[in-house]
file run37.csv (CSV, C-alpha atoms)
chain,number,residue,atom,x,y,z
Z,410,ALA,CA,-35.1,-6.9,-92.8
Z,411,ALA,CA,-36.2,-10.5,-91.9
Z,412,SER,CA,-37.0,-9.5,-88.4
Z,413,ARG,CA,-39.3,-6.7,-89.5
Z,414,ARG,CA,-41.1,-8.8,-92.0
Z,415,ILE,CA,-41.7,-11.7,-89.6
Z,416,GLN,CA,-42.8,-9.4,-86.8
Z,417,GLY,CA,-45.2,-7.7,-89.2
Z,418,PHE,CA,-46.6,-11.1,-90.4
Z,419,LEU,CA,-47.1,-12.3,-86.9
Z,420,LYS,CA,-48.8,-9.1,-85.9
Z,421,GLN,CA,-51.3,-9.4,-88.9
Z,422,ALA,CA,-51.8,-13.2,-88.8
Z,423,THR,CA,-52.2,-13.8,-85.0
Z,424,PRO,CA,-55.5,-11.8,-84.7
Z,425,LYS,CA,-56.9,-13.7,-87.7
Z,426,LEU,CA,-55.9,-17.0,-86.2
Z,427,LEU,CA,-57.6,-16.1,-82.9
Z,428,GLN,CA,-60.9,-15.6,-84.7
Z,429,ALA,CA,-61.2,-19.4,-85.0
Z,430,GLU,CA,-63.6,-21.0,-82.6
Z,431,ALA,CA,-60.9,-23.3,-81.3
Z,432,PHE,CA,-59.2,-20.3,-79.5
Z,433,ASN,CA,-62.0,-19.0,-77.4
Z,434,THR,CA,-60.2,-18.5,-74.1
Z,435,GLU,CA,-57.3,-16.3,-73.1
Z,436,GLU,CA,-55.2,-19.4,-72.4
Z,437,ASP,CA,-56.0,-20.7,-75.9
Z,438,SER,CA,-55.0,-17.3,-77.4
Z,439,GLU,CA,-51.7,-17.4,-75.7
Z,440,VAL,CA,-51.0,-20.9,-76.9
Z,441,ALA,CA,-52.0,-19.9,-80.5
Z,442,GLY,CA,-49.7,-16.9,-80.5
Z,443,GLU,CA,-46.7,-18.7,-79.1
Z,444,GLY,CA,-47.3,-21.6,-81.5
Z,445,LEU,CA,-47.5,-19.4,-84.6
Z,446,GLU,CA,-44.3,-17.7,-83.7
Z,447,LYS,CA,-42.5,-21.0,-83.1
Z,448,PHE,CA,-43.9,-22.5,-86.3
Z,449,VAL,CA,-42.8,-19.6,-88.6
Z,450,VAL,CA,-39.4,-19.1,-87.1
Z,451,LEU,CA,-38.5,-22.8,-87.0
Z,452,LYS,CA,-39.5,-23.2,-90.7
Z,453,LEU,CA,-37.1,-20.4,-91.6
Z,454,TYR,CA,-34.5,-21.2,-89.0
Z,455,LYS,CA,-31.7,-22.1,-91.4
Z,456,LEU,CA,-32.2,-18.8,-93.2
Z,457,LEU,CA,-32.4,-16.7,-90.0
Z,458,PHE,CA,-29.8,-18.1,-87.5
Z,459,ARG,CA,-26.2,-17.4,-88.4
Z,460,HIS,CA,-27.1,-17.2,-92.1
Z,461,ASP,CA,-25.3,-13.8,-92.5
Z,462,PRO,CA,-21.5,-14.1,-92.8
Z,463,ALA,CA,-21.2,-11.0,-90.6
Z,464,ASP,CA,-22.8,-12.9,-87.7
Z,465,ILE,CA,-20.5,-15.9,-88.2
Z,466,ARG,CA,-17.4,-13.6,-88.3
Z,467,GLU,CA,-18.6,-11.9,-85.0
Z,468,ASP,CA,-19.2,-15.3,-83.3
Z,469,GLU,CA,-15.7,-16.5,-84.3
Z,470,ARG,CA,-14.1,-13.2,-83.1
Z,471,ALA,CA,-16.0,-13.4,-79.8
Z,472,GLU,CA,-15.0,-17.1,-79.2
Z,473,GLN,CA,-11.3,-16.3,-79.8
Z,474,LEU,CA,-11.5,-13.3,-77.4
Z,475,LEU,CA,-13.2,-15.5,-74.8
Z,476,ARG,CA,-10.5,-18.1,-75.1
Z,477,GLU,CA,-7.9,-15.4,-74.6
Z,478,ALA,CA,-9.8,-14.0,-71.6
Z,479,ARG,CA,-10.0,-17.4,-70.0
Z,480,SER,CA,-6.3,-17.8,-70.2
Z,481,LYS,CA,-5.9,-14.6,-68.2
Z,482,ALA,CA,-8.8,-15.1,-65.9
Z,483,LYS,CA,-6.7,-15.6,-62.8
Z,484,THR,CA,-5.6,-11.9,-62.8
Z,485,SER,CA,-8.9,-10.3,-64.1
Z,486,PRO,CA,-11.3,-8.2,-62.0
Z,487,MET,CA,-14.0,-10.7,-62.9
Z,488,GLN,CA,-12.1,-13.6,-61.3
Z,489,GLU,CA,-11.6,-11.4,-58.2
Z,490,VAL,CA,-15.4,-11.1,-57.9
Z,491,VAL,CA,-15.9,-14.9,-58.3
Z,492,ALA,CA,-13.1,-15.7,-55.9
Z,493,LYS,CA,-15.1,-14.0,-53.0
Z,494,PHE,CA,-18.0,-16.5,-53.4
Z,495,THR,CA,-18.7,-19.0,-50.7
Z,496,PRO,CA,-19.1,-22.7,-51.7
Z,497,LYS,CA,-22.8,-22.3,-51.9
Z,498,GLN,CA,-22.6,-19.1,-54.0
Z,499,ARG,CA,-20.1,-20.8,-56.3
Z,500,GLU,CA,-22.6,-23.6,-56.7
Z,501,ALA,CA,-25.3,-21.1,-57.7
Z,502,PHE,CA,-22.8,-19.4,-60.1
Z,503,GLU,CA,-22.0,-22.8,-61.7
Z,504,ALA,CA,-25.7,-23.5,-62.1
Z,505,ALA,CA,-26.3,-20.1,-63.8
Z,506,ALA,CA,-23.4,-20.9,-66.2
Z,507,ALA,CA,-24.8,-24.3,-67.0
Z,508,GLU,CA,-28.2,-22.7,-67.8
Z,509,LEU,CA,-26.6,-20.1,-70.1
Z,510,LYS,CA,-24.6,-22.8,-71.9
Z,511,LYS,CA,-27.9,-24.5,-72.8
Z,512,VAL,CA,-29.0,-21.7,-75.2
Z,513,GLU,CA,-27.3,-23.4,-78.2
Z,514,GLN,CA,-29.4,-26.5,-77.7
Z,515,PHE,CA,-32.6,-24.8,-78.6
Z,516,ARG,CA,-33.9,-23.2,-81.8
Z,517,ALA,CA,-37.1,-21.4,-80.8
Z,518,PRO,CA,-36.7,-17.8,-79.7
Z,519,ARG,CA,-38.9,-18.4,-76.6
Z,520,ASP,CA,-36.7,-21.3,-75.5
Z,521,LYS,CA,-33.5,-19.4,-76.0
Z,522,LEU,CA,-34.9,-16.5,-74.1
Z,523,SER,CA,-35.8,-18.9,-71.2
Z,524,CYS,CA,-32.2,-20.0,-71.0
Z,525,PHE,CA,-31.0,-16.4,-70.8
Z,526,ALA,CA,-33.7,-15.4,-68.3
Z,527,ASN,CA,-33.1,-18.4,-66.1
Z,528,ALA,CA,-29.3,-17.7,-65.9
Z,529,ILE,CA,-30.0,-14.1,-65.0
Z,530,ARG,CA,-32.4,-15.0,-62.2
Z,531,LEU,CA,-30.0,-17.5,-60.7
Z,532,LEU,CA,-27.3,-14.8,-60.7
Z,533,GLU,CA,-29.7,-12.3,-59.2
Z,534,ASN,CA,-30.6,-14.7,-56.4
Z,535,LEU,CA,-26.9,-15.1,-55.8
Z,536,LEU,CA,-26.5,-11.3,-55.5
Z,537,VAL,CA,-29.4,-11.0,-53.1
Z,538,GLU,CA,-27.9,-13.7,-50.8
Z,539,ARG,CA,-24.5,-12.0,-50.9
Z,540,VAL,CA,-26.0,-8.5,-50.3
Z,541,PHE,CA,-23.9,-7.2,-53.0
Z,542,THR,CA,-25.2,-3.7,-52.8
Z,543,ALA,CA,-23.8,-3.4,-49.3
Z,544,GLU,CA,-20.4,-3.6,-50.8
Z,545,GLY,CA,-21.0,-0.6,-53.0
Z,546,ALA,CA,-21.9,-2.6,-56.1
Z,547,GLY,CA,-23.8,-0.7,-58.7
Z,548,GLY,CA,-24.5,-1.4,-62.3
Z,549,THR,CA,-20.8,-1.9,-63.1
Z,550,HIS,CA,-20.5,-4.7,-60.6
Z,551,TRP,CA,-23.5,-6.4,-62.1
Z,552,ILE,CA,-22.3,-6.2,-65.6
Z,553,THR,CA,-18.8,-7.4,-64.4
Z,554,LEU,CA,-20.4,-10.4,-62.8
Z,555,LEU,CA,-22.4,-11.1,-65.9
Z,556,ALA,CA,-19.2,-10.9,-67.9
Z,557,ALA,CA,-17.7,-13.5,-65.5
Z,558,LEU,CA,-20.7,-15.7,-66.1
Z,559,ILE,CA,-20.3,-15.5,-69.8
Z,560,LEU,CA,-16.6,-16.2,-69.5
Z,561,LYS,CA,-17.4,-19.3,-67.3
Z,562,ALA,CA,-20.1,-20.6,-69.6
Z,563,SER,CA,-18.5,-19.6,-72.9
Z,564,PRO,CA,-21.7,-20.6,-74.8
Z,565,PRO,CA,-21.2,-21.2,-78.5
Z,566,ASN,CA,-22.4,-18.5,-80.9
Z,567,LEU,CA,-23.4,-16.2,-78.1
Z,568,TYR,CA,-23.5,-13.1,-80.4
Z,569,SER,CA,-25.8,-14.8,-82.9
Z,570,ASN,CA,-28.0,-16.2,-80.1
Z,571,LEU,CA,-28.5,-12.8,-78.6
Z,572,GLU,CA,-29.2,-11.3,-82.0
Z,573,PHE,CA,-31.6,-14.1,-83.0
Z,574,THR,CA,-33.6,-14.1,-79.8
Z,575,THR,CA,-34.0,-10.3,-79.8
Z,576,SER,CA,-35.0,-10.1,-83.4
Z,577,PHE,CA,-37.5,-13.0,-83.6
Z,578,ARG,CA,-39.0,-13.2,-80.1
Z,579,SER,CA,-42.3,-11.4,-80.7
Z,580,ARG,CA,-43.4,-11.4,-77.0
Z,581,MET,CA,-41.1,-10.0,-74.4
Z,582,THR,CA,-41.7,-8.4,-71.1
Z,583,GLN,CA,-39.6,-5.4,-69.9
Z,584,GLU,CA,-37.8,-7.7,-67.5
Z,585,GLU,CA,-36.9,-10.1,-70.4
Z,586,ARG,CA,-35.8,-7.2,-72.5
Z,587,LYS,CA,-33.5,-5.9,-69.7
Z,588,CYS,CA,-32.1,-9.4,-69.3
Z,589,LEU,CA,-31.0,-9.4,-73.0
Z,590,ALA,CA,-29.7,-5.8,-72.7
Z,591,ASP,CA,-27.6,-6.6,-69.7
Z,592,LEU,CA,-26.2,-9.7,-71.3
Z,593,ALA,CA,-25.4,-7.6,-74.4
Z,594,SER,CA,-23.5,-5.1,-72.2
Z,595,ALA,CA,-21.5,-7.9,-70.6
Z,596,PHE,CA,-20.7,-9.3,-74.0
Z,597,VAL,CA,-19.4,-5.9,-75.2
Z,598,LEU,CA,-17.4,-5.6,-72.0
Z,599,LEU,CA,-15.7,-8.9,-72.7
Z,600,CYS,CA,-15.4,-8.7,-76.5
Z,601,GLY,CA,-15.6,-5.0,-77.4
Z,602,GLY,CA,-16.8,-4.1,-80.8
Z,603,SER,CA,-17.3,-1.1,-83.1
Z,604,GLY,CA,-19.9,1.6,-82.5
Z,605,ARG,CA,-22.3,0.0,-84.9
Z,606,ARG,CA,-21.8,-3.5,-83.4
Z,607,LEU,CA,-22.4,-1.9,-80.0
Z,608,THR,CA,-25.7,-0.4,-81.4
Z,609,SER,CA,-26.6,-3.8,-82.6
Z,610,LEU,CA,-26.0,-5.5,-79.3
Z,611,GLU,CA,-27.5,-2.8,-77.0
Z,612,LEU,CA,-30.8,-4.5,-76.9
Z,613,GLY,CA,-32.6,-2.3,-74.5
Z,614,GLU,CA,-34.0,0.0,-77.1
Z,615,GLY,CA,-36.0,-0.8,-80.1
Z,616,ARG,CA,-35.0,-4.5,-80.6
Z,617,GLY,CA,-37.5,-7.3,-80.9
Z,618,GLY,CA,-41.1,-7.4,-79.8
Z,619,VAL,CA,-42.0,-6.2,-76.4
Z,620,GLU,CA,-45.4,-6.5,-74.8
Z,621,GLY,CA,-47.1,-3.1,-75.0
Z,622,ASP,CA,-44.1,-1.6,-76.9
Z,623,LYS,CA,-44.4,-0.3,-80.5
Z,624,ALA,CA,-40.6,0.1,-81.0
Z,625,SER,CA,-39.5,-1.0,-84.4
Z,626,PRO,CA,-36.6,-3.5,-84.8
Z,627,ALA,CA,-33.1,-2.3,-85.5
Z,628,LEU,CA,-31.3,-2.8,-88.8
Z,629,PRO,CA,-29.8,-6.2,-89.6
Z,630,LEU,CA,-26.0,-6.5,-88.9
Z,631,TRP,CA,-25.1,-6.6,-92.6
Z,632,LEU,CA,-26.5,-3.1,-93.1
Z,633,MET,CA,-24.7,-1.8,-90.1
Z,634,ASP,CA,-21.5,-3.3,-91.4
Z,635,ALA,CA,-22.1,-1.4,-94.7
Z,636,GLY,CA,-22.5,1.8,-92.8
Z,637,VAL,CA,-26.3,2.1,-93.5
Z,638,THR,CA,-28.3,3.5,-90.6
Z,639,PHE,CA,-31.4,5.3,-92.0
Z,640,ASP,CA,-31.0,7.7,-89.1
Z,641,PHE,CA,-32.3,10.5,-91.3
Z,642,GLU,CA,-35.2,8.6,-92.9
Z,643,ASP,CA,-37.9,10.5,-91.0
Z,644,ARG,CA,-36.1,13.9,-90.8
Z,645,ASN,CA,-36.9,17.0,-92.8
Z,646,ALA,CA,-34.2,19.3,-94.2
Z,647,GLU,CA,-35.1,22.1,-91.8
Z,648,ASP,CA,-34.8,19.7,-88.8
Z,649,LEU,CA,-31.1,19.0,-89.5
Z,650,LEU,CA,-28.5,20.4,-87.2
Z,651,PHE,CA,-25.4,22.0,-88.7
Z,652,GLY,CA,-23.1,19.1,-87.6
Z,653,GLU,CA,-25.4,16.5,-89.1
Z,654,VAL,CA,-25.1,17.7,-92.7
Z,655,GLU,CA,-21.7,16.1,-93.3
Z,656,GLU,CA,-22.9,12.9,-91.6
Z,657,LEU,CA,-25.9,12.8,-93.9
Z,658,LEU,CA,-23.8,13.2,-97.0
Z,659,ASP,CA,-21.4,10.5,-95.9
Z,660,GLU,CA,-24.2,8.0,-95.4
Z,661,TYR,CA,-25.8,8.5,-98.8
Z,662,GLN,CA,-22.7,8.7,-100.9

call {"tool": "encode", "arguments": {"input": "run37.csv", "output": "structure tokens"}}
result
Amino acid sequence: AASRRIQGFLKQATPKLLQAEAFNTEEDSEVAGEGLEKFVVLKLYKLLFRHDPADIREDERAEQLLREARSKAKTSPMQEVVAKFTPKQREAFEAAAAELKKVEQFRAPRDKLSCFANAIRLLENLLVERVFTAEGAGGTHWITLLAALILKASPPNLYSNLEFTTSFRSRMTQEERKCLADLASAFVLLCGGSGRRLTSLELGEGRGGVEGDKASPALPLWLMDAGVTFDFEDRNAEDLLFGEVEELLDEYQ
């Protein structure tokens, strides 16, 4: 997978780059690492972003579903949440939507991630002001509100932007990772998707580089579409459960 190869290259090349005398401080090291990631990904951008027909199909499907959802927005639970906002809260919601919509303007994974994270922070601040938890809001309310934000912003190629950012951003904090995972959950709430697409979009586990995390990237979407998972790659025959034998045979036919 391209993600795995690029992440592997950055992991090997960055320490060598930092051996140069020009990068003798921690700040210089940070700049060098960020610069190398941006240089490599932008050079390959046309081959990495929406190059796979499966990504293009999913973007088109999502955009059609978003258009349909907007036409029914007045009667949706998401609209009911937004309708309760005060003018000040609505202004904050609009600002978060505007930030989310910017993601398509940028090409570097770090810049795309900044748009996602900024939109999430603006929405979180809105929730804090509204004391949303006092109204019994749990995770479902948060994801519903995020879905309302996506519906309002309707950023182009959201699926591909989420996939690209997660796959090729080599430096992510846990907070940033959760940001993408929550957006992915809201995307699935709005647009649905098959089990494999849900796996592809659930970004909280094993996708992209996370500071201090050694999780390997997930498979590219075209392999998931083909039904390939490699779920049994590291399993021995004696470790298989009875119900997994048929699944294993199906995967390798």

call {"tool": "residues_around", "arguments": {"input": "run37.csv", "residues": "Z:Leu535", "least_positions_apart": "5", "cutoff": "12 Å", "atoms": "only C-alpha atoms", "output": "mmCIF file with C-alpha atoms, in the frame of the given file"}}
result
data_model
loop_
_atom_site.group_PDB
_atom_site.id
_atom_site.type_symbol
_atom_site.label_atom_id
_atom_site.label_comp_id
_atom_site.auth_asym_id
_atom_site.auth_seq_id
_atom_site.Cartn_x
_atom_site.Cartn_y
_atom_site.Cartn_z
ATOM 1 C CA VAL Z 491 -15.900 -14.900 -58.300
ATOM 2 C CA PHE Z 494 -18.000 -16.500 -53.400
ATOM 3 C CA THR Z 495 -18.700 -19.000 -50.700
ATOM 4 C CA PRO Z 496 -19.100 -22.700 -51.700
ATOM 5 C CA LYS Z 497 -22.800 -22.300 -51.900
ATOM 6 C CA GLN Z 498 -22.600 -19.100 -54.000
ATOM 7 C CA ARG Z 499 -20.100 -20.800 -56.300
ATOM 8 C CA GLU Z 500 -22.600 -23.600 -56.700
ATOM 9 C CA ALA Z 501 -25.300 -21.100 -57.700
ATOM 10 C CA PHE Z 502 -22.800 -19.400 -60.100
ATOM 11 C CA GLU Z 503 -22.000 -22.800 -61.700
ATOM 12 C CA ALA Z 504 -25.700 -23.500 -62.100
ATOM 13 C CA ALA Z 505 -26.300 -20.100 -63.800
ATOM 14 C CA ALA Z 528 -29.300 -17.700 -65.900
ATOM 15 C CA ILE Z 529 -30.000 -14.100 -65.000
ATOM 16 C CA ARG Z 530 -32.400 -15.000 -62.200
ATOM 17 C CA VAL Z 540 -26.000 -8.500 -50.300
ATOM 18 C CA PHE Z 541 -23.900 -7.200 -53.000
ATOM 19 C CA THR Z 542 -25.200 -3.700 -52.800
ATOM 20 C CA TRP Z 551 -23.500 -6.400 -62.100
ATOM 21 C CA LEU Z 554 -20.400 -10.400 -62.800
ATOM 22 C CA LEU Z 555 -22.400 -11.100 -65.900
#

call {"tool": "residues_around", "arguments": {"input": "run37.csv", "residues": "Z:Leu571", "least_positions_apart": "5", "cutoff": "9 Å", "atoms": "only C-alpha atoms", "output": "list in words"}}
result
Lys521, Leu522, Phe525, Asn566, Ser576, Leu589, Leu592, Ala593, Leu610 and Leu612 of chain Z

call {"tool": "closest_residue", "arguments": {"input": "run37.csv", "among": "Z:Glu477, Z:Asp468, Z:Glu585, Z:Asp520", "to": "Z:Glu572", "atoms": "only C-alpha atoms"}}
result
Z:Asp468

call {"tool": "closest_residue", "arguments": {"input": "run37.csv", "among": "Z:Tyr568, Z:Phe448, Z:Phe432, Z:Phe577", "to": "Z:Gly601", "atoms": "all atoms listed in the file"}}
result
Z:Tyr568

call {"tool": "closest_residue", "arguments": {"input": "run37.csv", "among": "Z:Glu435, Z:Gln428, Z:Lys452, Z:Arg519", "to": "Z:Arg580", "atoms": "all atoms listed in the file"}}
result
Z:Arg519

call {"tool": "atom_distance", "arguments": {"input": "run37.csv", "atom1": "atom CA of Z:Ala557", "atom2": "atom CA of Z:Gln488"}}
result
7.0 Å

call {"tool": "closest_residue", "arguments": {"input": "run37.csv", "among": "Z:Met581, Z:Asn433, Z:Glu513, Z:Gln473", "to": "Z:Leu560", "atoms": "all atoms listed in the file"}}
result
Z:Gln473

call {"tool": "atom_distance", "arguments": {"input": "run37.csv", "atom1": "atom CA of Z:Glu508", "atom2": "atom CA of Z:Ile465"}}
result
22.8 Å

call {"tool": "closest_residue", "arguments": {"input": "run37.csv", "among": "Z:Leu426, Z:Ala411, Z:Leu532, Z:Val537", "to": "Z:Ala506", "atoms": "only C-alpha atoms"}}
result
Z:Leu532

call {"tool": "atom_distance", "arguments": {"input": "run37.csv", "atom1": "atom CA of Z:Lys447", "atom2": "atom CA of Z:Ala590"}}
result
22.4 Å

call {"tool": "closest_residue", "arguments": {"input": "run37.csv", "among": "Z:Ala526, Z:Leu536, Z:Ala431, Z:Lys561", "to": "Z:Cys588", "atoms": "all atoms listed in the file"}}
result
Z:Ala526

call {"tool": "residues_around", "arguments": {"input": "run37.csv", "residues": "Z:Leu599", "least_positions_apart": "5", "cutoff": "8 Å", "atoms": "all atoms listed in the file", "output": "number ranges by chain"}}
result
Z: 474-475, 478, 556

call {"tool": "residues_around", "arguments": {"input": "run37.csv", "residues": "Z:Thr553", "least_positions_apart": "6", "cutoff": "10 Å", "atoms": "only C-alpha atoms", "output": "compact mmCIF listing (two decimals) with C-alpha atoms, in the frame of the given file"}}
result
# COMPACT_ATOMS: atom_id res chain seq x y z
CA PRO Z 486 -11.30 -8.20 -62.00
CA MET Z 487 -14.00 -10.70 -62.90
CA GLN Z 488 -12.10 -13.60 -61.30
CA VAL Z 490 -15.40 -11.10 -57.90
CA ILE Z 559 -20.30 -15.50 -69.80
CA SER Z 594 -23.50 -5.10 -72.20
CA ALA Z 595 -21.50 -7.90 -70.60
CA PHE Z 596 -20.70 -9.30 -74.00
CA LEU Z 598 -17.40 -5.60 -72.00
CA LEU Z 599 -15.70 -8.90 -72.70

call {"tool": "build_atoms", "arguments": {"input": "run37.csv", "residues": "stretch 439-462 of chain Z", "atoms": "N, CA and C atoms", "output": "PDB file, keeping the file's coordinate frame"}}
result
ATOM      1  N   GLU Z 439     -53.098 -17.423 -75.975  1.00  0.00           N
ATOM      2  CA  GLU Z 439     -51.700 -17.400 -75.700  1.00  0.00           C
ATOM      3  C   GLU Z 439     -50.955 -18.545 -76.365  1.00  0.00           C
ATOM      4  N   VAL Z 440     -51.561 -19.721 -76.291  1.00  0.00           N
ATOM      5  CA  VAL Z 440     -51.000 -20.900 -76.900  1.00  0.00           C
ATOM      6  C   VAL Z 440     -50.890 -20.712 -78.439  1.00  0.00           C
ATOM      7  N   ALA Z 441     -51.937 -20.144 -79.022  1.00  0.00           N
ATOM      8  CA  ALA Z 441     -52.000 -19.900 -80.500  1.00  0.00           C
ATOM      9  C   ALA Z 441     -50.880 -18.955 -80.904  1.00  0.00           C
ATOM     10  N   GLY Z 442     -50.747 -17.851 -80.172  1.00  0.00           N
ATOM     11  CA  GLY Z 442     -49.700 -16.900 -80.500  1.00  0.00           C
ATOM     12  C   GLY Z 442     -48.326 -17.425 -80.407  1.00  0.00           C
ATOM     13  N   GLU Z 443     -48.064 -18.146 -79.323  1.00  0.00           N
ATOM     14  CA  GLU Z 443     -46.700 -18.700 -79.100  1.00  0.00           C
ATOM     15  C   GLU Z 443     -46.470 -19.797 -80.212  1.00  0.00           C
ATOM     16  N   GLY Z 444     -47.492 -20.589 -80.508  1.00  0.00           N
ATOM     17  CA  GLY Z 444     -47.300 -21.600 -81.500  1.00  0.00           C
ATOM     18  C   GLY Z 444     -47.048 -21.107 -82.885  1.00  0.00           C
ATOM     19  N   LEU Z 445     -47.720 -20.021 -83.253  1.00  0.00           N
ATOM     20  CA  LEU Z 445     -47.500 -19.400 -84.600  1.00  0.00           C
ATOM     21  C   LEU Z 445     -46.094 -18.876 -84.704  1.00  0.00           C
ATOM     22  N   GLU Z 446     -45.634 -18.185 -83.666  1.00  0.00           N
ATOM     23  CA  GLU Z 446     -44.300 -17.700 -83.700  1.00  0.00           C
ATOM     24  C   GLU Z 446     -43.261 -18.799 -83.876  1.00  0.00           C
ATOM     25  N   LYS Z 447     -43.427 -19.848 -83.080  1.00  0.00           N
ATOM     26  CA  LYS Z 447     -42.500 -21.000 -83.100  1.00  0.00           C
ATOM     27  C   LYS Z 447     -42.526 -21.655 -84.496  1.00  0.00           C
ATOM     28  N   PHE Z 448     -43.724 -21.849 -85.040  1.00  0.00           N
ATOM     29  CA  PHE Z 448     -43.900 -22.500 -86.300  1.00  0.00           C
ATOM     30  C   PHE Z 448     -43.170 -21.736 -87.439  1.00  0.00           C
ATOM     31  N   VAL Z 449     -43.413 -20.436 -87.492  1.00  0.00           N
ATOM     32  CA  VAL Z 449     -42.800 -19.600 -88.600  1.00  0.00           C
ATOM     33  C   VAL Z 449     -41.328 -19.547 -88.450  1.00  0.00           C
ATOM     34  N   VAL Z 450     -40.811 -19.289 -87.245  1.00  0.00           N
ATOM     35  CA  VAL Z 450     -39.400 -19.100 -87.100  1.00  0.00           C
ATOM     36  C   VAL Z 450     -38.619 -20.423 -87.317  1.00  0.00           C
ATOM     37  N   LEU Z 451     -39.171 -21.531 -86.846  1.00  0.00           N
ATOM     38  CA  LEU Z 451     -38.500 -22.800 -87.000  1.00  0.00           C
ATOM     39  C   LEU Z 451     -38.470 -23.231 -88.504  1.00  0.00           C
ATOM     40  N   LYS Z 452     -39.517 -22.893 -89.235  1.00  0.00           N
ATOM     41  CA  LYS Z 452     -39.500 -23.200 -90.700  1.00  0.00           C
ATOM     42  C   LYS Z 452     -38.451 -22.435 -91.416  1.00  0.00           C
ATOM     43  N   LEU Z 453     -38.110 -21.261 -90.914  1.00  0.00           N
ATOM     44  CA  LEU Z 453     -37.100 -20.400 -91.600  1.00  0.00           C
ATOM     45  C   LEU Z 453     -35.779 -20.403 -90.841  1.00  0.00           C
ATOM     46  N   TYR Z 454     -35.615 -21.296 -89.886  1.00  0.00           N
ATOM     47  CA  TYR Z 454     -34.500 -21.200 -89.000  1.00  0.00           C
ATOM     48  C   TYR Z 454     -33.126 -21.177 -89.701  1.00  0.00           C
ATOM     49  N   LYS Z 455     -32.947 -22.020 -90.701  1.00  0.00           N
ATOM     50  CA  LYS Z 455     -31.700 -22.100 -91.400  1.00  0.00           C
ATOM     51  C   LYS Z 455     -31.354 -20.800 -92.158  1.00  0.00           C
ATOM     52  N   LEU Z 456     -32.394 -20.037 -92.460  1.00  0.00           N
ATOM     53  CA  LEU Z 456     -32.200 -18.800 -93.200  1.00  0.00           C
ATOM     54  C   LEU Z 456     -32.067 -17.589 -92.213  1.00  0.00           C
ATOM     55  N   LEU Z 457     -32.371 -17.811 -90.937  1.00  0.00           N
ATOM     56  CA  LEU Z 457     -32.400 -16.700 -90.000  1.00  0.00           C
ATOM     57  C   LEU Z 457     -31.225 -16.766 -88.982  1.00  0.00           C
ATOM     58  N   PHE Z 458     -30.835 -17.971 -88.577  1.00  0.00           N
ATOM     59  CA  PHE Z 458     -29.800 -18.100 -87.500  1.00  0.00           C
ATOM     60  C   PHE Z 458     -28.443 -18.315 -88.155  1.00  0.00           C
ATOM     61  N   ARG Z 459     -27.538 -17.369 -87.955  1.00  0.00           N
ATOM     62  CA  ARG Z 459     -26.200 -17.400 -88.400  1.00  0.00           C
ATOM     63  C   ARG Z 459     -26.106 -17.637 -89.969  1.00  0.00           C
ATOM     64  N   HIS Z 460     -27.086 -17.091 -90.662  1.00  0.00           N
ATOM     65  CA  HIS Z 460     -27.100 -17.200 -92.100  1.00  0.00           C
ATOM     66  C   HIS Z 460     -26.206 -16.070 -92.714  1.00  0.00           C
ATOM     67  N   ASP Z 461     -26.124 -14.959 -91.998  1.00  0.00           N
ATOM     68  CA  ASP Z 461     -25.300 -13.800 -92.500  1.00  0.00           C
ATOM     69  C   ASP Z 461     -23.870 -14.025 -92.128  1.00  0.00           C
ATOM     70  N   PRO Z 462     -22.966 -13.916 -93.115  1.00  0.00           N
ATOM     71  CA  PRO Z 462     -21.500 -14.100 -92.800  1.00  0.00           C
ATOM     72  C   PRO Z 462     -21.010 -13.143 -91.754  1.00  0.00           C
TER      73      PRO Z 462
END
